[in-house]
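Notes for the one structure printed next.
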Amino acid sequence: MQETDINLLVGGPQGGGIDSAANMVSMAFSLAGYNIYGIREYHSNIKGRHSYIHFRIMHKRPRSLKYPVDIMVALDPDTLFEHMFDVSSNAKIIYDTSFDKFELKNARMITSDTMESIRNELKSRNLTLDVHGILDYFRSVGAVPIAMPFDKLINDYVPEGPATRYYNTLGAGTTLAILGLDIEHANEGIKYAFRKKPSVVDSNLRVIKAAYDYVDKSEIKPEQLKFYPVIPRILLTGNDAVAIGKLMGGLRFQTYYPITPASDESTLLENHEDIKFLENETKNLKKGGLVVVQCEDELSAVNMANGGALTGARSATATSGPGFSLMAEGISFAGMTEIPLVVTLYQRGGPSTGLPTRNGQSDLLFALNTGHGEFPKMVISSGDMEECVYDAMKSLNYAQKYQMPVIHMIDKTLANTMDLVPEIDVKRVRIEKYRDNNNHENYKRYDLNTDDGVSPYGVFGKDVFWMTGDEHNELGHVTEDTSLRDKMMEKRMRKLITADREIPMEDRAILYGNENADITYITWGSQKSLLLDAIDELKKDGISANLLYLRMFAPFPSEYVGEVLKKSNLIIDVESNMTAQAAKIIRMNTGIEVKSSILKYNGRHMTIDEVIKSTKRIMGKELEMVVLENGS
Amino acid sequence: MEKSVERYNYRSNITIDWCPGCGNFGIVSAVTQALTDMKMDPKDVVAVSGIGCSGKTPHYLNIAGAHTLHGRSIPYAVGVKLANPNLNVLVMGGDGDLLSIGAGHLVAEGRRNSGIVVLLYNNAVYGLTKGQAAPTMPLNEKVKSIPRPNILDKINPVALAMTSGYSFVARGFSSEIKQLSMLIERAMKHKGSAIIEILQPCPTYNDVNTLDWFRKRVYKLEDDKTWNPVVNDKSEEEEKFNKGYNLSLKWGDKIPIGIFYENNTVPSFPERLSKIVPDYIKYPPSDQDVSDKDGYTIVDPIKTFIEKEIE
Ligand SMILES: Cc1ncc(C[n+]2csc(CCOP(=O)(O)OP(=O)(O)O)c2C)c(N)n1
Ligand code: SF4
Ligand SMILES: [Mg+2]
């Protein structure tokens, strides 16, 4: 039997229970020993507009999504149109019989531009501009539409209704039944998805029964599914992973102002201010809780976090582009006054409000250059769940150790990726503290007598000292003395040299794959795992590729990157922005110009097939730069 | 250990570079007086300022001092206070700093009620940037540093503070040092957030609101023995708020100074947090162990985030 590799898409109106459907399906499969990887896409709108989740289900842990999908559940007619190009040639498409009379022109939630391309495709095939037309289209490409009388089925099993409330469960249940998962696992999935609303569990279980009974009596032949032993895992999104990492890394003071896609991290933390501790060896320690403050704006958030750090508390904030713009002055202050501050920067499509709920990697150069004046800061980036957890811990460490702002970058795709993570290793990262001050009598906050640029860190409550964003002397009082100014500038900047020397290369840049490959990809952030999968795919076609994966942009691992690239053949930069920002940074630091690029800035995550296709076009010298366009 | 008061010298040895006759000198005297009266350990009190002439104050005091960004003194102060609620935190900000660029924070702090003390230096001008009109300067006022009469109207700091929810609201005058130090002491002892508008002559730029101008107008609220602005029971809240608020609207020939309103029935933010965050006061964020003896985390990620786990 072939390895199970199911790609599933559940689409419907935002607020229509897509999340519960997703939880249900992923829980059911994970209980059967499978792994799940999913990405959620949604509009900047709470109810109504189209949103969807794409899942990949495998026994081996998947690390990217595959298109086209094998099974699609349409909880509204819009889904059928919106994803017409996303289904494979033998995909099963589950939809409600009541969509039958639906016309394309009534799909109000589809944007006019998307509508245009759907219309053109249907017209070119002489198909009608309605559900019949789209179903014909599916049949013509070999897909199998499965009509189900949603209302009637639900009313039969849950007469108290309203039926619409159960569409998501019916869709999920039918999917599970068709995929050959037994009903017990499906029921467990329900209990998980509604664990916080026990009163609705029973009715949803009946809907699951309706789905299974229906598939049983129908012509549909369910797949055969293997079952595997279940190991404990934790289902995380990028937001969750950073939150967990921060807390493990000693975060005790977090500030935020709500913004997508960053606030899920803070609200999760807000929900867990009551920290649970490991039992061993922690008996006599001072254990308290986490404080999360929802601020009046991002100016407050960044500066309040700075304030918290002045007491010795490990402090951080989290935001996205617009909020990050407001934080610039506070970051400059943290650089000048040597405050250990962590800012988790969740990138979305910019500029301005841009694409508030969509992906983007266009804030890299901004992060690197945020804040006026010249001051040391670190910029790091994560590309998968484990990195989110451990990099969050490390970013707090770096901030403490080097007393400077650390910007930890995550992109929206990663923030909203769902991944079953096998274990969290509490001993992977050691917690590093700031250099303690033990001279309380004559304390100099900015002691210049330091080789590595780091002065002992005093804290309010234990020491009397001063600090100011003006240039200052060792005591923290204002000065404009020319030689002191030079010394202080040099001391602050020296910390970056220290960090550059001390931080191991695997935390900064990694070359995945064989050194001598035909192609060297460069990327950062969420494209990491996608490119690793693409490399495996290319191997099947006899093309060898490796990946230079970047994790730290300041201080930049110039020497290492330069060495790798000098040995490379065709170098292709892959980023979710328009101006190939990482490639610019490489050129700035190494002098090496990366000429070929695969770029995407339509706000949607990249897919493997479009990357592979573009790679081949670049190899064939057809194009130097390819702009990816997939996505709904 | 018993600490003698003599040990504490609350004035630093930094040369003060305010103009002669500046009201800020009186403010520094009042702050030091209050700290002396309270026998405050300099380690237990933090002065947080923004940018302006006012912003320099922390350097002149021998207590922990953060001279921060223009407008952001309140967020810094709240960060310090909430990360270590056992500290006394004083904000020292100009009227431009707190009522213009930082006005959002000033308003937000009312409902937060973190327990900080805000000293709002009202000189009706932007001192440090050479005398432009501050948000406290009335419409049509013409001081010597501005080219034409003020085209903007003023904010009433006391009324704004009351409607923002500050649980202690007062006004002082930089030359009434004894009263001002009493107000600061009362504010520091108050559990929630306190704000004191301090009338402060700026002889360099403001030739209207001079020392004499204020002297002629101010009168002390506590001189009226029947004046009792303190709410200790919810039932008194409405009446005392209304009285204080109505009084805050009085300005002109007679300017009241003293306590307008003190409400002890509003829980402070630390008190609210204590109900959610375990051992918040005993082990606040500033005073926790975050690693075990080998340097590893002490947080159990699975137990903490239990509902996310899948077994
Ligand atoms: C973001 C920012 N904008 C502008 C300034 C310039 N600036 C410095 S002090 C000041 C006004 C000070 O007035 P006020 O707050 O009333 O303080 P005062 O000097 O009167 O005590 C301004 C606008 C600055 N430092 N930062
Ligand atoms: S300019 Fe005004 S406020 Fe500033 S120091 Fe001089 S007198 Fe004082
Ligand atoms: Mg002023």
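Ligands are numbered from 1 in the order shown, residues from 1 within each chain, and chains are lettered A, B, ... in the order they appear in the structure tokens.
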For this session: Please run DSSP on the backbone and report, as number ranges by chain, all residues within segment 138-250 of chain B that come out as helix (DSSP H, G or I).
Result: B: 157-164, 177-189, 211-217, 221-223, 234-248
Exercise. Residues of chain B within 6 Å of chain A, using only C-alpha atoms, as a PyMOL selection string?
Worked result: chain B and resi 43-44+63-68+75-76+79-80+83+277-279+283+285-286+288-290+295-300+303-304+309-311
For this session: Pick out the residues sitting within 10 Å of Asp17 of chain B, and hand them over as JSON, numbers by chain; count only C-alpha atoms, and ignore anything fewer than 2 positions along from it in its own chain.
Result: {"B": [14, 15, 19, 20, 53, 56, 60]}
Please dump the current selection as a PDB file, in the first residue's frame; keep C-alpha atoms.
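Result file follows (result_33.pdb):
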ATOM      1  CA  ILE B  14      24.864  67.136  39.123  1.00  0.00           C
ATOM      2  CA  THR B  15      24.868  70.827  38.273  1.00  0.00           C
ATOM      3  CA  CYS B  19      17.148  78.985  34.234  1.00  0.00           C
ATOM      4  CA  PRO B  20      17.312  81.105  37.379  1.00  0.00           C
ATOM      5  CA  CYS B  53      13.210  70.922  30.889  1.00  0.00           C
ATOM      6  CA  LYS B  56      15.981  66.532  33.406  1.00  0.00           C
ATOM      7  CA  TYR B  60      19.180  65.994  39.942  1.00  0.00           C
TER       8      TYR B  60
END
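Near Cys22 of chain B, within a cut-off of 8 Å and counting only C-alpha atoms, sit the residues Gln200, Pro201, Cys202, Pro203 and Thr204 of chain B, with same-chain residues fewer than 6 positions away left out.
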For this session: List all protein, DNA and RNA residues that have an atom no more than 7 Å from any atom of ligand 3, counting only C-alpha atoms and all ligand atoms, and report them as a PyMOL selection string.
Result: chain B and resi 94-96+121-127+134
Problem set entry | segment 528-538 of chain A environment, 10 Å, only C-alpha atoms, sequence neighbours closer than 4 positions dropped, as a ChimeraX atom specification | /A:62-66,382-384,512-513,519-524,542-550,574,605-612,615-616
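The list of residues with at least one atom within 9 Å of Ile190 of chain A, based on only C-alpha atoms and without residues fewer than 2 positions apart in the same chain, reads A:Ser20, A:Ala21, A:Asn23, A:Met24, A:Val25, A:Met27, A:Ala28, A:Thr169, A:His185, A:Ala186, A:Asn187, A:Glu188, A:Tyr192, A:Ala193, A:Phe194, A:Arg195, A:Val201, A:Asn204, A:Leu205, A:Ile208.
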For this session: Extract, using only C-alpha atoms, all DNA, RNA and protein residues at most 8 Å from segment 211-216 of chain B, discarding same-chain residues fewer than 4 positions from it, and format them as a VMD selection string.
Result: chain B and resid 175 199 201 253
Write a file of the selected residues as a PDB file, in the first residue's frame, keeping N, CA and C atoms.
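Output saved as part-v9.pdb:
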ATOM      1  N   SER B 175       5.828  77.061  44.129  1.00  0.00           N
ATOM      2  CA  SER B 175       6.348  77.899  45.206  1.00  0.00           C
ATOM      3  C   SER B 175       5.666  77.618  46.535  1.00  0.00           C
ATOM      4  N   LEU B 199       1.594  73.908  39.019  1.00  0.00           N
ATOM      5  CA  LEU B 199       1.726  75.213  38.352  1.00  0.00           C
ATOM      6  C   LEU B 199       3.174  75.652  38.515  1.00  0.00           C
ATOM      7  N   PRO B 201       6.054  78.420  37.121  1.00  0.00           N
ATOM      8  CA  PRO B 201       6.466  79.556  36.293  1.00  0.00           C
ATOM      9  C   PRO B 201       7.684  79.218  35.431  1.00  0.00           C
ATOM     10  N   ASP B 253      -9.347  84.424  38.435  1.00  0.00           N
ATOM     11  CA  ASP B 253      -8.834  85.239  39.529  1.00  0.00           C
ATOM     12  C   ASP B 253      -8.507  84.413  40.745  1.00  0.00           C
TER      13      ASP B 253
END
Exercise. Expressed in Å to a single decimal, how great is the separation between atom CA of Tyr346 of chain A and atom CA of Val242 of chain A?
Worked result: 10.6 Å
Exercise. Could you pull out the strand (DSSP E) residues of segment 117-218 of chain A from DSSP and send them as a PyMOL selection string?
Worked result: chain A and resi 144-148
Exercise. Nearest to ligand 2: which of B:Thr136, B:Asn9, B:Gln179, B:Thr210 is it, counting only C-alpha atoms and all ligand atoms?
Worked result: B:Thr210
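Coordinates place atom CA of Asn113 of chain B at a distance of 27.6 Å from atom CA of Ser325 of chain A.
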Exercise. Which residue, B:Leu87, B:Ala159, B:Leu82, B:Ala34, has the smallest gap to Ile195 of chain B when you use only C-alpha atoms?
Worked result: B:Ala159
